[in-house]
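Colleague: Sharing structure_21.cif below, mmCIF, C-alpha atoms:
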```cif
data_query
loop_
_atom_site.label_atom_id
_atom_site.label_comp_id
_atom_site.auth_asym_id
_atom_site.auth_seq_id
_atom_site.Cartn_x
_atom_site.Cartn_y
_atom_site.Cartn_z
CA MET Z 1 -24.64 6.10 19.21
CA SER Z 2 -25.33 5.20 15.61
CA ASP Z 3 -27.38 2.19 14.77
CA VAL Z 4 -25.64 -0.86 13.45
CA LEU Z 5 -24.89 -0.75 9.76
CA SER Z 6 -25.14 -3.60 7.31
CA ASP Z 7 -22.00 -5.05 5.77
CA ALA Z 8 -22.71 -3.35 2.46
CA GLU Z 9 -23.22 0.03 4.11
CA ILE Z 10 -19.97 -0.32 6.03
CA GLY Z 11 -18.15 -1.36 2.87
CA ALA Z 12 -19.60 1.63 1.06
CA ARG Z 13 -18.51 3.95 3.84
CA HIS Z 14 -15.01 2.52 3.67
CA GLY Z 15 -14.82 3.51 0.05
CA LEU Z 16 -12.95 0.24 -0.30
CA SER Z 17 -12.81 -1.55 -3.58
CA ALA Z 18 -11.77 -5.11 -4.17
CA ALA Z 19 -8.85 -3.69 -6.15
CA ALA Z 20 -7.31 -2.53 -2.88
CA TYR Z 21 -6.44 -6.14 -2.15
CA ASP Z 22 -5.03 -7.06 -5.52
CA GLY Z 23 -2.55 -9.87 -5.94
CA ALA Z 24 -2.30 -13.44 -4.85
CA ARG Z 25 -3.90 -13.52 -1.43
CA GLU Z 26 -2.88 -16.39 0.76
CA LEU Z 27 -1.22 -16.59 4.12
CA ARG Z 28 0.62 -19.85 4.53
CA VAL Z 29 2.25 -20.86 7.80
CA GLU Z 30 4.40 -23.97 7.84
CA GLU Z 31 5.77 -25.73 10.91
CA LEU Z 32 6.06 -22.47 12.76
CA ALA Z 33 7.67 -22.42 16.18
CA CYS Z 34 7.83 -19.64 18.74
CA THR Z 35 10.17 -19.25 21.67
CA ARG Z 36 10.18 -16.62 24.38
CA GLY Z 37 13.51 -16.61 26.16
CA ALA Z 38 14.39 -20.24 26.71
CA ALA Z 39 10.78 -21.40 26.76
CA LEU Z 40 9.16 -23.04 23.75
CA ILE Z 41 5.68 -21.55 23.41
CA PHE Z 42 4.46 -23.62 20.47
CA ASP Z 43 5.96 -25.48 17.56
CA ASN Z 44 4.99 -27.38 14.44
CA LEU Z 45 2.10 -25.05 13.73
CA SER Z 46 0.82 -25.09 10.16
CA PHE Z 47 -2.23 -23.46 8.64
CA THR Z 48 -3.35 -21.59 5.56
CA VAL Z 49 -5.67 -18.63 5.32
CA LYS Z 50 -7.04 -17.87 1.86
CA ALA Z 51 -8.68 -14.73 0.53
CA GLY Z 52 -12.01 -14.16 2.22
CA GLU Z 53 -11.23 -16.46 5.12
CA ALA Z 54 -11.01 -15.73 8.79
CA LEU Z 55 -9.16 -17.94 11.25
CA LEU Z 56 -9.87 -17.99 14.96
CA VAL Z 57 -6.90 -18.80 17.16
CA GLY Z 58 -7.98 -20.20 20.50
CA GLY Z 59 -6.12 -21.58 23.47
CA ALA Z 60 -5.49 -20.99 27.13
CA ASN Z 61 -3.67 -17.99 28.55
CA GLY Z 62 0.00 -18.23 27.72
CA SER Z 63 -0.51 -20.67 24.88
CA GLY Z 64 1.01 -18.18 22.44
CA LYS Z 65 -1.99 -16.59 20.72
CA SER Z 66 -0.61 -13.08 20.96
CA SER Z 67 2.91 -14.26 20.11
CA LEU Z 68 1.59 -15.92 16.96
CA LEU Z 69 -0.07 -12.68 15.86
CA ARG Z 70 3.11 -10.72 16.55
CA GLN Z 71 5.09 -13.23 14.52
CA LEU Z 72 2.66 -12.86 11.63
CA ALA Z 73 3.08 -9.08 11.87
CA GLY Z 74 6.84 -9.49 11.73
CA LEU Z 75 7.27 -8.05 15.22
CA LEU Z 76 8.59 -11.28 16.74
CA PRO Z 77 11.30 -13.44 15.23
CA VAL Z 78 10.36 -16.79 13.76
CA ALA Z 79 12.16 -19.50 15.77
CA ALA Z 80 11.59 -22.20 13.16
CA GLY Z 81 9.35 -22.80 10.17
CA ARG Z 82 8.06 -20.32 7.61
CA ILE Z 83 5.48 -17.60 7.21
CA GLU Z 84 4.63 -16.98 3.57
CA MET Z 85 2.70 -13.91 2.56
CA ALA Z 86 2.20 -13.94 -1.19
CA PHE Z 87 0.64 -10.48 -1.01
CA GLY Z 88 3.55 -8.43 0.28
CA ALA Z 89 5.52 -7.37 3.31
CA PRO Z 90 3.73 -6.78 6.64
CA ASP Z 91 4.55 -3.07 6.65
CA GLN Z 92 2.21 -2.58 3.69
CA THR Z 93 -0.31 -5.36 4.08
CA VAL Z 94 -0.96 -6.05 7.75
CA HIS Z 95 -3.06 -4.41 10.41
CA TYR Z 96 -2.13 -5.51 13.89
CA LEU Z 97 -4.48 -4.56 16.72
CA GLY Z 98 -2.91 -5.75 19.93
CA HIS Z 99 -3.51 -5.25 23.63
CA ALA Z 100 -1.54 -2.01 23.62
CA ASP Z 101 -3.60 0.27 21.39
CA GLY Z 102 -0.96 2.91 20.64
CA LEU Z 103 -3.44 5.69 21.36
CA LYS Z 104 -2.13 8.89 22.93
CA ASN Z 105 -4.07 10.17 25.94
CA ALA Z 106 -2.87 13.73 25.39
CA LEU Z 107 -4.37 13.94 21.89
CA THR Z 108 -7.99 14.63 21.09
CA VAL Z 109 -10.19 12.23 19.18
CA GLY Z 110 -10.07 14.55 16.16
CA GLU Z 111 -6.29 14.76 16.25
CA THR Z 112 -5.99 10.99 16.57
CA LEU Z 113 -8.22 10.42 13.55
CA ALA Z 114 -6.39 13.11 11.57
CA PHE Z 115 -3.10 11.40 12.42
CA GLU Z 116 -4.43 8.07 11.17
CA ALA Z 117 -5.48 9.71 7.93
CA ALA Z 118 -2.14 11.50 7.58
CA LEU Z 119 -0.32 8.18 7.93
CA VAL Z 120 -2.15 6.96 4.85
CA GLY Z 121 -1.98 10.31 3.11
CA CYS Z 122 -5.71 10.42 2.45
CA ALA Z 123 -8.56 12.60 3.57
CA LEU Z 124 -10.46 11.48 6.62
CA PRO Z 125 -13.57 9.51 5.59
CA ALA Z 126 -16.66 11.60 6.27
CA GLN Z 127 -18.60 10.76 9.41
CA ILE Z 128 -16.07 8.23 10.58
CA SER Z 129 -17.00 8.93 14.20
CA ALA Z 130 -20.57 8.02 13.37
CA THR Z 131 -19.48 4.87 11.56
CA LEU Z 132 -17.50 3.83 14.61
CA GLY Z 133 -20.32 4.83 16.92
CA LEU Z 134 -17.76 6.59 19.06
CA GLY Z 135 -20.23 8.70 20.99
CA ALA Z 136 -17.44 11.17 21.67
CA ARG Z 137 -16.80 14.66 20.37
CA ASP Z 138 -13.75 15.45 18.26
CA TRP Z 139 -12.36 17.73 20.94
CA GLN Z 140 -12.50 15.15 23.71
CA PHE Z 141 -9.17 13.85 24.89
CA VAL Z 142 -8.45 10.19 24.24
CA GLY Z 143 -7.45 9.87 27.90
CA ASP Z 144 -11.04 10.67 28.88
CA LEU Z 145 -12.60 7.93 26.76
CA SER Z 146 -13.95 4.70 28.18
CA ALA Z 147 -12.23 1.40 27.41
CA GLY Z 148 -14.90 0.57 24.85
CA GLN Z 149 -14.63 3.96 23.16
CA ARG Z 150 -10.84 3.57 22.92
CA ARG Z 151 -11.35 0.20 21.34
CA ARG Z 152 -13.77 1.67 18.81
CA LEU Z 153 -11.24 4.40 18.05
CA THR Z 154 -8.55 1.84 17.25
CA LEU Z 155 -10.94 0.30 14.71
CA ALA Z 156 -10.64 3.54 12.74
CA ARG Z 157 -7.34 2.47 11.25
CA LEU Z 158 -8.96 -0.62 9.75
CA ILE Z 159 -11.36 1.64 7.89
CA ILE Z 160 -8.94 4.41 6.94
CA ASP Z 161 -6.13 2.22 5.67
CA PRO Z 162 -7.29 -0.77 3.61
CA ARG Z 163 -4.86 -3.65 4.15
CA PRO Z 164 -5.51 -7.27 3.17
CA LEU Z 165 -4.56 -9.05 6.41
CA TRP Z 166 -6.03 -8.12 9.77
CA LEU Z 167 -4.44 -9.54 12.91
CA LEU Z 168 -6.86 -8.97 15.77
CA ASP Z 169 -5.91 -9.77 19.35
CA GLU Z 170 -9.03 -10.22 21.49
CA PRO Z 171 -11.07 -7.93 19.22
CA MET Z 172 -14.20 -8.12 21.38
CA THR Z 173 -12.60 -7.03 24.66
CA ALA Z 174 -14.43 -4.22 26.45
CA LEU Z 175 -16.99 -3.88 23.67
CA ASP Z 176 -20.75 -3.67 24.15
CA THR Z 177 -23.23 -5.57 22.04
CA GLN Z 178 -23.48 -2.84 19.43
CA ALA Z 179 -19.71 -2.54 19.12
CA ARG Z 180 -19.39 -6.31 18.76
CA ALA Z 181 -21.86 -6.14 15.92
CA LEU Z 182 -19.79 -3.32 14.42
CA VAL Z 183 -16.58 -5.38 14.57
CA ASP Z 184 -18.46 -8.27 13.07
CA ALA Z 185 -19.85 -6.10 10.26
CA LEU Z 186 -16.42 -4.59 9.54
CA ALA Z 187 -14.90 -8.06 9.45
CA GLN Z 188 -17.62 -9.43 7.15
CA ALA Z 189 -17.19 -6.50 4.77
CA HIS Z 190 -13.43 -7.04 4.80
CA LEU Z 191 -13.79 -10.74 4.06
CA ALA Z 192 -16.34 -10.11 1.34
CA GLN Z 193 -13.72 -8.01 -0.41
CA GLY Z 194 -11.20 -10.82 -0.28
CA GLY Z 195 -9.47 -9.78 2.91
CA MET Z 196 -8.08 -12.19 5.47
CA ILE Z 197 -8.33 -12.19 9.23
CA VAL Z 198 -6.45 -14.04 11.93
CA ALA Z 199 -8.03 -13.32 15.29
CA ALA Z 200 -7.02 -14.50 18.73
CA SER Z 201 -9.90 -14.86 21.14
CA HIS Z 202 -11.19 -16.92 24.04
CA GLU Z 203 -14.70 -16.73 22.74
CA GLY Z 204 -16.14 -17.70 19.40
CA LEU Z 205 -16.23 -15.10 16.66
CA ALA Z 206 -19.15 -15.10 14.26
CA PHE Z 207 -17.04 -14.12 11.25
CA ALA Z 208 -14.44 -16.87 11.68
CA GLN Z 209 -15.03 -19.99 9.59
CA SER Z 210 -12.24 -22.11 11.03
CA GLU Z 211 -10.44 -22.42 14.31
CA ILE Z 212 -7.14 -23.69 15.61
CA ARG Z 213 -6.35 -24.15 19.26
CA LEU Z 214 -2.88 -23.59 20.57
CA GLY Z 215 -1.61 -25.54 23.52
CA GLN Z 216 -3.09 -28.99 23.80
CA ALA Z 217 -3.42 -29.91 20.12
CA MET Z 218 -0.67 -28.26 18.15
CA GLU Z 219 -1.04 -30.53 15.16
CA ALA Z 220 -4.53 -29.22 14.46
CA GLY Z 221 -4.66 -27.46 11.11
CA ALA Z 222 -7.23 -25.08 9.77
CA MET R 1 7.56 9.65 -2.45
CA SER R 2 5.19 12.34 -1.30
CA MET R 3 3.31 9.67 0.58
CA LYS R 4 6.46 8.84 2.54
CA MET R 5 7.07 12.53 3.17
CA SER R 6 3.57 13.00 4.56
CA LEU R 7 4.10 9.98 6.79
CA PHE R 8 7.37 11.44 8.04
CA ALA R 9 5.76 14.81 8.65
CA ALA R 10 2.80 13.26 10.48
CA ILE R 11 5.06 11.34 12.89
CA CYS R 12 7.23 14.40 13.47
CA ARG R 13 4.20 16.60 14.09
CA GLN R 14 2.61 14.17 16.51
CA HIS R 15 5.82 13.95 18.51
CA MET R 16 5.96 17.74 18.77
CA GLN R 17 2.32 17.89 19.81
CA LEU R 18 2.90 15.32 22.55
CA ALA R 19 6.07 17.03 23.79
CA TRP R 20 4.17 20.29 24.06
CA ARG R 21 1.03 18.78 25.64
CA GLY R 22 3.09 16.74 28.06
CA GLY R 23 4.66 19.95 29.32
CA GLN R 24 8.15 18.90 28.28
CA THR R 25 8.83 22.08 26.32
CA VAL R 26 7.78 24.35 29.17
CA LEU R 27 9.69 22.20 31.64
CA ALA R 28 12.95 22.31 29.66
CA VAL R 29 12.80 26.08 29.15
CA SER R 30 11.89 26.64 32.80
CA PHE R 31 14.82 24.47 33.83
CA LEU R 32 17.18 26.59 31.73
CA PHE R 33 15.97 29.80 33.38
CA ILE R 34 15.93 28.38 36.89
CA ALA R 35 19.50 27.20 36.43
CA VAL R 36 20.87 30.47 35.05
CA THR R 37 19.03 32.40 37.76
CA LEU R 38 20.41 30.28 40.58
CA LEU R 39 23.96 29.86 39.27
CA PRO R 40 25.05 33.48 39.86
CA PHE R 41 23.86 33.19 43.47
CA GLY R 42 25.98 30.13 43.93
CA LEU R 43 29.04 31.54 42.22
CA GLY R 44 29.07 34.94 43.83
CA PRO R 45 28.57 38.44 42.49
CA GLU R 46 31.87 38.63 40.58
CA LEU R 47 30.87 39.65 37.04
CA LYS R 48 34.22 38.73 35.51
CA LEU R 49 34.12 35.25 36.96
CA LEU R 50 30.54 34.80 35.76
CA ARG R 51 31.47 35.86 32.25
CA ALA R 52 34.45 33.51 32.19
CA LEU R 53 32.28 30.57 33.27
CA ALA R 54 29.19 31.48 31.27
CA PRO R 55 29.86 29.47 28.08
CA GLY R 56 30.57 26.27 29.96
CA LEU R 57 27.59 26.79 32.24
CA LEU R 58 25.23 27.38 29.33
CA TRP R 59 26.35 24.17 27.63
CA VAL R 60 26.03 22.10 30.78
CA VAL R 61 22.56 23.50 31.46
CA LEU R 62 21.50 22.79 27.87
CA ALA R 63 22.85 19.24 28.10
CA ILE R 64 21.10 18.53 31.40
CA ALA R 65 17.84 20.06 30.16
CA LEU R 66 18.00 17.69 27.20
CA LEU R 67 19.04 14.65 29.22
CA ALA R 68 15.98 15.14 31.40
CA THR R 69 13.71 14.81 28.36
CA LEU R 70 15.33 11.69 26.93
CA ASP R 71 13.39 9.07 28.85
CA ARG R 72 10.16 10.28 27.21
CA LEU R 73 11.63 9.98 23.73
CA PHE R 74 10.61 6.37 23.05
CA GLN R 75 9.43 5.00 26.40
CA ALA R 76 5.79 6.02 26.12
CA ASP R 77 5.59 4.69 22.56
CA PHE R 78 7.18 1.45 23.66
CA GLU R 79 4.70 0.94 26.47
CA ASP R 80 1.50 1.95 24.69
CA GLY R 81 2.16 -0.02 21.50
CA ALA R 82 2.80 2.97 19.22
CA LEU R 83 6.22 1.56 18.31
CA ASP R 84 4.54 -1.58 16.90
CA ARG R 85 2.53 0.78 14.79
CA LEU R 86 5.61 2.64 13.53
CA MET R 87 7.15 -0.67 12.50
CA LEU R 88 4.10 -1.54 10.40
CA LEU R 89 4.16 1.61 8.29
CA PRO R 90 5.34 1.76 4.68
CA LEU R 91 8.28 3.84 5.85
CA PRO R 92 11.66 2.44 6.90
CA PHE R 93 11.72 2.21 10.69
CA GLU R 94 14.93 4.26 10.68
CA ALA R 95 13.07 7.09 8.96
CA ALA R 96 10.25 6.91 11.50
CA VAL R 97 12.87 7.14 14.26
CA LEU R 98 14.45 10.13 12.55
CA ALA R 99 11.03 11.79 12.31
CA LYS R 100 10.60 11.45 16.07
CA LEU R 101 14.10 12.81 16.70
CA LEU R 102 13.39 15.78 14.44
CA GLY R 103 10.16 16.37 16.33
CA HIS R 104 12.08 16.23 19.59
CA PHE R 105 14.62 18.71 18.26
CA LEU R 106 11.96 21.14 17.06
CA ALA R 107 9.84 20.88 20.19
CA LEU R 108 12.64 21.10 22.76
CA VAL R 109 15.98 22.26 21.39
CA VAL R 110 14.63 25.14 19.32
CA PRO R 111 12.74 26.72 22.26
CA LEU R 112 15.89 26.28 24.39
CA LEU R 113 18.02 28.01 21.76
CA VAL R 114 15.50 30.81 21.49
CA SER R 115 15.82 31.32 25.25
CA VAL R 116 19.61 31.47 25.16
CA PRO R 117 19.92 35.22 24.42
CA LEU R 118 17.87 36.07 27.51
CA ALA R 119 19.60 33.43 29.62
CA GLY R 120 22.97 34.77 28.44
CA LEU R 121 21.98 38.16 29.78
CA LEU R 122 21.70 36.66 33.26
CA LEU R 123 25.20 35.20 32.90
CA ASN R 124 26.70 38.50 31.72
CA ILE R 125 27.22 37.44 28.09
CA GLU R 126 27.39 40.53 25.88
CA GLY R 127 24.58 40.87 23.39
CA ALA R 128 27.00 41.25 20.49
CA ARG R 129 28.51 37.82 21.23
CA VAL R 130 25.19 36.01 21.50
CA PRO R 131 24.84 35.12 17.78
CA LEU R 132 28.16 33.26 17.78
CA VAL R 133 27.35 31.44 21.02
CA LEU R 134 23.99 30.49 19.51
CA ALA R 135 25.66 29.30 16.31
CA ALA R 136 27.89 27.02 18.35
CA MET R 137 24.90 25.58 20.20
CA ALA R 138 22.91 25.12 17.00
CA CYS R 139 25.84 23.18 15.49
CA GLY R 140 26.32 20.94 18.53
CA ALA R 141 22.76 20.41 19.79
CA PRO R 142 21.72 17.91 17.09
CA ALA R 143 24.52 15.61 18.25
CA LEU R 144 23.14 15.81 21.81
CA VAL R 145 19.63 14.83 20.71
CA LEU R 146 20.77 12.08 18.33
CA SER R 147 23.28 10.44 20.67
CA GLY R 148 20.88 10.85 23.58
CA GLY R 149 18.37 8.93 21.49
CA ILE R 150 20.74 5.95 21.46
CA GLY R 151 20.72 5.92 25.25
CA ALA R 152 16.95 6.29 25.33
CA ALA R 153 16.49 3.41 22.87
CA LEU R 154 18.86 1.06 24.70
CA ALA R 155 17.10 1.67 28.01
CA VAL R 156 13.58 1.68 26.57
CA SER R 157 12.47 -1.62 28.02
CA VAL R 158 13.63 -0.70 31.52
CA ARG R 159 10.89 0.77 33.68
CA ARG R 160 12.05 4.02 35.26
CA GLY R 161 15.09 3.80 33.01
CA GLY R 162 15.80 7.52 33.16
CA LEU R 163 19.05 7.19 35.05
CA LEU R 164 20.24 4.35 32.83
CA THR R 165 19.48 6.47 29.77
CA VAL R 166 21.58 9.30 31.15
CA LEU R 167 24.45 6.97 32.00
CA ILE R 168 24.48 5.51 28.48
CA ALA R 169 24.20 8.91 26.80
CA MET R 170 26.81 10.66 28.93
CA PRO R 171 29.97 9.46 27.14
CA PHE R 172 28.49 10.72 23.86
CA TYR R 173 27.92 14.11 25.44
CA VAL R 174 31.53 14.60 26.55
CA PRO R 175 33.12 15.49 23.17
CA VAL R 176 30.19 17.77 22.28
CA LEU R 177 30.49 19.60 25.59
CA ILE R 178 34.29 19.94 25.29
CA PHE R 179 34.13 21.44 21.82
CA GLY R 180 30.94 23.32 22.54
CA ALA R 181 32.31 25.12 25.57
CA ALA R 182 35.59 25.82 23.74
CA THR R 183 33.65 27.27 20.81
CA ALA R 184 31.58 29.45 23.10
CA ARG R 185 34.75 30.69 24.80
CA VAL R 186 36.26 31.66 21.45
CA ALA R 187 32.98 33.36 20.59
CA LEU R 188 33.11 35.44 23.77
CA GLU R 189 36.67 36.48 23.02
CA GLY R 190 35.59 38.00 19.75
CA GLY R 191 35.13 34.96 17.51
CA VAL R 192 38.49 35.08 15.75
CA GLY R 193 39.26 31.64 14.36
CA ILE R 194 35.90 30.18 15.36
CA TRP R 195 35.23 28.33 12.11
CA PRO R 196 37.29 25.20 12.86
CA TYR R 197 35.46 24.89 16.17
CA LEU R 198 32.06 25.21 14.53
CA GLY R 199 33.24 22.73 11.92
CA VAL R 200 34.09 20.13 14.54
CA LEU R 201 30.70 20.57 16.23
CA ALA R 202 28.89 20.29 12.91
CA ALA R 203 30.96 17.19 12.08
CA LEU R 204 29.96 15.59 15.39
CA SER R 205 26.31 16.31 14.60
CA GLY R 206 26.73 15.00 11.07
CA ALA R 207 28.33 11.78 12.26
CA ALA R 208 25.54 11.34 14.81
CA LEU R 209 22.97 11.91 12.07
CA LEU R 210 24.54 9.18 9.96
CA LEU R 211 24.85 6.61 12.73
CA ALA R 212 22.19 7.29 15.36
CA PRO R 213 18.99 6.46 13.43
CA TRP R 214 20.32 2.98 12.58
CA ALA R 215 21.61 2.35 16.07
CA ILE R 216 18.35 3.54 17.63
CA ALA R 217 16.18 1.53 15.23
CA ALA R 218 18.22 -1.60 15.94
CA ALA R 219 17.97 -1.07 19.71
CA LEU R 220 14.20 -0.52 19.53
CA ARG R 221 13.69 -3.56 17.29
CA SER R 222 15.49 -5.78 19.72
CA ALA R 223 13.53 -4.31 22.63
CA LEU R 224 10.25 -5.15 20.90
CA ARG R 225 11.14 -8.82 20.58
#
```
Please express the file's structure as structure tokens.

Modeller:
Amino acid sequence: MSDVLSDAEIGARHGLSAAAYDGARELRVEELACTRGAALIFDNLSFTVKAGEALLVGGANGSGKSSLLRQLAGLLPVAAGRIEMAFGAPDQTVHYLGHADGLKNALTVGETLAFEAALVGCALPAQISATLGLGARDWQFVGDLSAGQRRRLTLARLIIDPRPLWLLDEPMTALDTQARALVDALAQAHLAQGGMIVAASHEGLAFAQSEIRLGQAMEAGA
Amino acid sequence: MSMKMSLFAAICRQHMQLAWRGGQTVLAVSFLFIAVTLLPFGLGPELKLLRALAPGLLWVVLAIALLATLDRLFQADFEDGALDRLMLLPLPFEAAVLAKLLGHFLALVVPLLVSVPLAGLLLNIEGARVPLVLAAMACGAPALVLSGGIGAALAVSVRRGGLLTVLIAMPFYVPVLIFGAATARVALEGGVGIWPYLGVLAALSGAALLLAPWAIAAALRSALR
């Protein structure tokens, strides 16, 4: 297990430059509504996330946190209202880490990381396993990893493919203290470079400056 | 451009890897051999009868071997979130779907086609006729994979949707089987005038190639909502 890295070290290991996030960076959501089937999950939701800002989305189970993230990723239809991304379409600019991690149990850790790199068309960053503190060999099958190790492995795509908006659904689930610090460091480095984060979580997140709660107080803005 | 190509290749390669690791390739080829071994026992020792039925039997076995693999085409990706991932790539979703279908074809249909000469031996198909029979299957098989993909995509959100997949895909399989078996019959009779038959099969595959990726992508998108 590697020791926790500082934000700057993580940023350096990314090989990210601020130029990766060029363009007007602002996520603006206006009077957004979400329906699932006939049920209205939330409506009249407005907030803005600017470059370098992270927004924590709180709320009870079923209040629509995950649905909101999926809407922002363009995976769920927008029932009413608008989502404006001045920085480009979600398929180029958004990372969505949801409950389902998309990892394949039959592949090895090395193959999974190589696949992530191939999707971006770049070489795999050196020592990425160490950066992630995976504690697993390249030849180990993903199916044999612990929940926390799987979670760490999904973080690899944040490092390999620099995208300006991260949508994180319960990013701290199943993570130990060190891994939480890693997520926090990754997020801080991302924000320092002008990235944006919208994270859904029950608990507070150190990197989030503002918070909205879904459910009881829908009019609350960021 | 090359970036999109490498994306396409990566998705295709991963699908092949998973089909192989999941034992689907071995299973499909084993099924083909089990079927052609058992069929002669069921039909009796009449060599003439066997030869007359062989083309139709081979096509039906190929179709069933493929149908059995369809429910793994998109279901696992749907359940584990990999489809979300494919939708958030700088590659049209239709192209990502096509990459998976190509991977499926390479990992399953190609090994099946490679096994056909040996399987044909068990059904009393003369060696000299095998290339034409194979040509017919190679022309028709893409249509089976592509149209089967439509069934798999429409049933993707149904747990244990294997049977539903097969029911949806079956009508698409009928024309391919009719022309496929007819082509194989002509091939066994010496292959005179086989080109129109091959043409029809290739046209079916071509039409499926033009329509299926869009239909599948639309079905998967609506399933993800």

Colleague: So what does the PyMOL selection byres ((chain Z) within 7 of (chain R)) actually pick up in this one, as a list of chain:residue names?

Modeller: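 For this structure, the PyMOL selection byres ((chain Z) within 7 of (chain R)) resolves to Z:Leu75, Z:Leu76, Z:Pro90, Z:Asp91, Z:Gln92, Z:Ala100, Z:Asp101, Z:Gly102, Z:Ala106, Z:Phe115, Z:Ala118, Z:Leu119, Z:Gly121.
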
Colleague: Region 140-157 of chain Z: which residues within 10 Å, counting all atoms listed in the file, same-chain residues fewer than 2 positions away excluded, as a ChimeraX atom specification?

Modeller: /Z:95-99,101-113,115-117,119-120,125,128-129,131-138,159-163,171-176,179-180,182-183,186

Colleague: Can you pull out every residue within 9 Å of region 166-170 of chain Z, counting all atoms listed in the file, but drop anything in the same chain fewer than 3 positions away, and send it as a PyMOL selection string?

Modeller: chain Z and resi 65-66+69-70+72-73+93-99+158+163+173+187+190+195-203

Colleague: Region 75-157 of chain R near region 173-183 of chain R within 12 Å: what's each residue's closest atom pair and its distance in Å to one decimal, counting all atoms listed in the file, ordered by chain then ascending residue number, as a Markdown table?

Modeller:
```
| residue | atom | partner | partner_atom | distance |
| --- | --- | --- | --- | --- |
| R:Arg129 | CA | R:Thr183 | CA | 11.7 |
| R:Leu132 | CA | R:Thr183 | CA | 8.7 |
| R:Val133 | CA | R:Thr183 | CA | 7.6 |
| R:Leu134 | CA | R:Thr183 | CA | 10.3 |
| R:Ala135 | CA | R:Thr183 | CA | 9.4 |
| R:Ala136 | CA | R:Thr183 | CA | 6.3 |
| R:Met137 | CA | R:Gly180 | CA | 6.9 |
| R:Ala138 | CA | R:Gly180 | CA | 9.9 |
| R:Cys139 | CA | R:Gly180 | CA | 8.7 |
| R:Gly140 | CA | R:Val176 | CA | 6.3 |
| R:Ala141 | CA | R:Val176 | CA | 8.3 |
| R:Pro142 | CA | R:Val176 | CA | 9.9 |
| R:Ala143 | CA | R:Val176 | CA | 7.3 |
| R:Leu144 | CA | R:Tyr173 | CA | 6.2 |
| R:Val145 | CA | R:Tyr173 | CA | 9.6 |
| R:Leu146 | CA | R:Tyr173 | CA | 10.3 |
| R:Ser147 | CA | R:Tyr173 | CA | 7.6 |
| R:Gly148 | CA | R:Tyr173 | CA | 8.0 |
| R:Gly149 | CA | R:Tyr173 | CA | 11.6 |
| R:Ile150 | CA | R:Tyr173 | CA | 11.6 |
| R:Gly151 | CA | R:Tyr173 | CA | 10.9 |
```

Colleague: Applying 9 Å and all atoms listed in the file, which residues near Ser210 (chain Z) remain after dropping the ones on its own chain fewer than 6 positions away? List them as a list in words.

Modeller: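 So, after excluding close chain neighbours, the residues are Glu53, Ala54, Leu55, Leu56, Val57 and Ala222 of chain Z.
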
Colleague: Just to confirm, what's the straight-line distance from CA of Glu30 (chain Z) to CA of Ile212 (chain Z) in Å (one decimal)?

Modeller: 13.9 Å

Colleague: Work out how far CA of Ala184 (chain R) is from CA of Ala203 (chain R), in Å to one decimal.

Modeller: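 The value is 16.5 Å.
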
Colleague: For the atom pair CA of Leu27 (chain R) and CA of Leu106 (chain R), what is the interatomic distance in Å to one decimal place?

Modeller: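 CA of Leu27 (chain R) sits 14.8 Å away from CA of Leu106 (chain R).
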
Colleague: So which residues touch Ala65 (chain R) within 9 Å, counting only C-alpha atoms, skipping near sequence neighbours fewer than 3 positions away, as a ChimeraX atom specification?

Modeller: /R:27-29,31-32,60-62,68-69,112

Colleague: Compare R:Ala99, R:Val36, R:Cys12, R:Ala52 by their minimum atom-to-atom distance to Leu209 (chain R), counting all atoms listed in the file, and give me the closest one.

Modeller: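 Counting all atoms listed in the file, the residue closest to Leu209 (chain R) is R:Ala99.
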
Colleague: Draw an axis-aligned box over all listed atoms of region 62-73 of chain R, pad each side with 6 Å, and write its centre and edge lengths in Å, one decimal, as JSON.

Modeller:
```
{"center_x": 16.5, "center_y": 15.9, "center_z": 27.6, "size_x": 24.7, "size_y": 25.7, "size_z": 19.7}
```

Colleague: Kindly indicate which residue among R:Leu163, R:Ala223, R:Ala218, R:Leu123 lies nearest to Leu49 (chain R), using all atoms listed in the file for the distances.

Modeller: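 Of R:Leu163, R:Ala223, R:Ala218, R:Leu123, the one nearest Leu49 (chain R), counting all atoms listed in the file, is R:Leu123.
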
Colleague: Quick check on the file I pasted: which residues fall under the PyMOL selection byres ((chain Z and resi 213) around 7)? Write them as a ChimeraX atom specification.

Modeller: /Z:57-59,211-212,214-215,217

Colleague: So which residues get picked by the PyMOL selection byres ((chain R and resi 154) around 8) here, written as a ChimeraX atom specification?

Modeller: /R:150-153,155-157,165,216,219-220,223
